Amino acid sequence: MHAELPVCAFIAAFLVLVPLPWHWHARNVATLSMIVWLFVSNVVYAVNSIIWAGNVLDSAPIWCDVTTKLQMGANMGLPACCLCICIHLERISSVRQVRTSHSDRVWRMVFDAVICWGLPTLYMALHYIVQGHRFDIVEDFGCRPTVYVSIPAIFLIWIPPMAAALATIGFAAMALKNFFHRRLTFATHLQNSSTGLTTSRYLRLMAMSVVQMVWTVLVTSLDMWFSCQHGLRPWISWQNVHSGFSQIAYFPTVLISREALGWTYALWWAVPFSGLLFVAFFAFGEEAIKEYGKILRWTRWLLPRRASSKSEASFSKYVPSSAPVSSL
């Protein structure tokens, strides 16, 4: 049993919620969607590592059917969110958009929602094409989505996240070029655009997206290499790929080679680490420090009031509520 797995995954899930209030206030659909994807992924990983600690029992089949699809969606959800962020950053840094109107903000929210949730939903649906059976259960790690490793799987499962990640890096490069082109007046340009972005927040969003996408390309490439290292299976027909679809494969750790188990363990940590990367860029930013200050001031204001209320309540036990009535 690996007790560190659920603990670290739950910590990562909690930490990604820290920047939620100010992103909710800014109505930033892309970053809010990223928070949701990271939170759900880490919670799923944590629960899986608890349920299947030391066993491969088929104890929660419906949970596995749902969460394996969510795991697939998250593989595309994170690149899609970062792509939306960098498209927005490139747009507001260029001269094409001088000022953001209300209709522009509404259009951007709709566009981000479609990309951040529509693309992962389509990706989850396309996964069925190369889903050879329901799911796998790996001891200590829980249920995992299955892929019929073949040429169609390369184009449907591994290429789309890497393509979105590379597109994100491309938009980030153009946004960075625009930033250096007008760096002396960039703060004024952001202020005139009415986006609510400051220069530090702009650079932080771009840096976070680039780092996340470099990390995504690395992890996706390693996952593809690990899955394909024993060769590709022939795509004969739809019936052949989906024959015995209702089967569930079980993998006790005693039957897994040390190398494969090590890769499984390393790739598992990619999800909590992605959450921590997100937190590293936002939990210590200017907005976060201000929020922490507000919470600290509120706590300092609240504690003396509670102490005063308790003292008054204790004192009232020894003081009569009204003066005694004269017996004269």
# chains A, B, ... in the order shown; residues from 1 in each chain; ligands from 1
>>> residues_around(residues="range 225-235 of chain A", least_positions_apart="6", cutoff="8 Å", atoms="only C-alpha atoms", output="ChimeraX atom specification")
/A:148-152,241,263
>>> select_by_dssp(residues="range 142-245 of chain A", states="alpha helix (DSSP H)", output="PyMOL selection string")
chain A and resi 151-153+159-181+186-193+199-228+238-241
>>> residues_around(residues="Tyr123 in chain A", least_positions_apart="3", cutoff="8 Å", atoms="only C-alpha atoms", output="ChimeraX atom specification")
/A:72-73,76,119-120,126-127,156-157
>>> closest_residue(among="A:Leu205, A:Leu218, A:Val210, A:Ile62", to="Trp158 in chain A", atoms="only C-alpha atoms")
A:Leu218
>>> closest_residue(among="A:Thr31, A:Ser103, A:Gln212, A:Thr121", to="Gln71 in chain A", atoms="only C-alpha atoms")
A:Thr121
>>> closest_residue(among="A:Gly275, A:Pro19, A:Pro79, A:Pro6", to="Thr168 in chain A", atoms="only C-alpha atoms")
A:Pro79
>>> closest_atom_pairs(of="range 26-101 of chain A", to="range 131-143 of chain A", cutoff="6 Å", atoms="only C-alpha atoms", output="JSON lines")
{"residue": "A:Asn48", "atom": "CA", "partner": "A:Gly142", "partner_atom": "CA", "distance": 4.6}
{"residue": "A:Ser49", "atom": "CA", "partner": "A:Phe141", "partner_atom": "CA", "distance": 4.9}
{"residue": "A:Trp52", "atom": "CA", "partner": "A:Gly142", "partner_atom": "CA", "distance": 5.2}
{"residue": "A:Ala53", "atom": "CA", "partner": "A:Asp140", "partner_atom": "CA", "distance": 4.2}
{"residue": "A:Gly54", "atom": "CA", "partner": "A:Asp140", "partner_atom": "CA", "distance": 5.6}
{"residue": "A:Asn55", "atom": "CA", "partner": "A:Glu139", "partner_atom": "CA", "distance": 5.3}
{"residue": "A:Val56", "atom": "CA", "partner": "A:Glu139", "partner_atom": "CA", "distance": 5.2}
{"residue": "A:Cys64", "atom": "CA", "partner": "A:Cys143", "partner_atom": "CA", "distance": 5.7}
>>> select_by_dssp(residues="range 102-242 of chain A", states="strand (DSSP E)", output="list in words")
Phe135, Asp136, Ile137, Val138, Gly142, Cys143 and Arg144 of chain A
>>> residues_around(residues="Pro272 in chain A", least_positions_apart="2", cutoff="6 Å", atoms="only C-alpha atoms", output="count of residues only")
6
>>> closest_residue(among="A:Leu57, A:Ser93, A:Ile169, A:Ala74", to="Ile35 in chain A", atoms="only C-alpha atoms")
A:Ala74
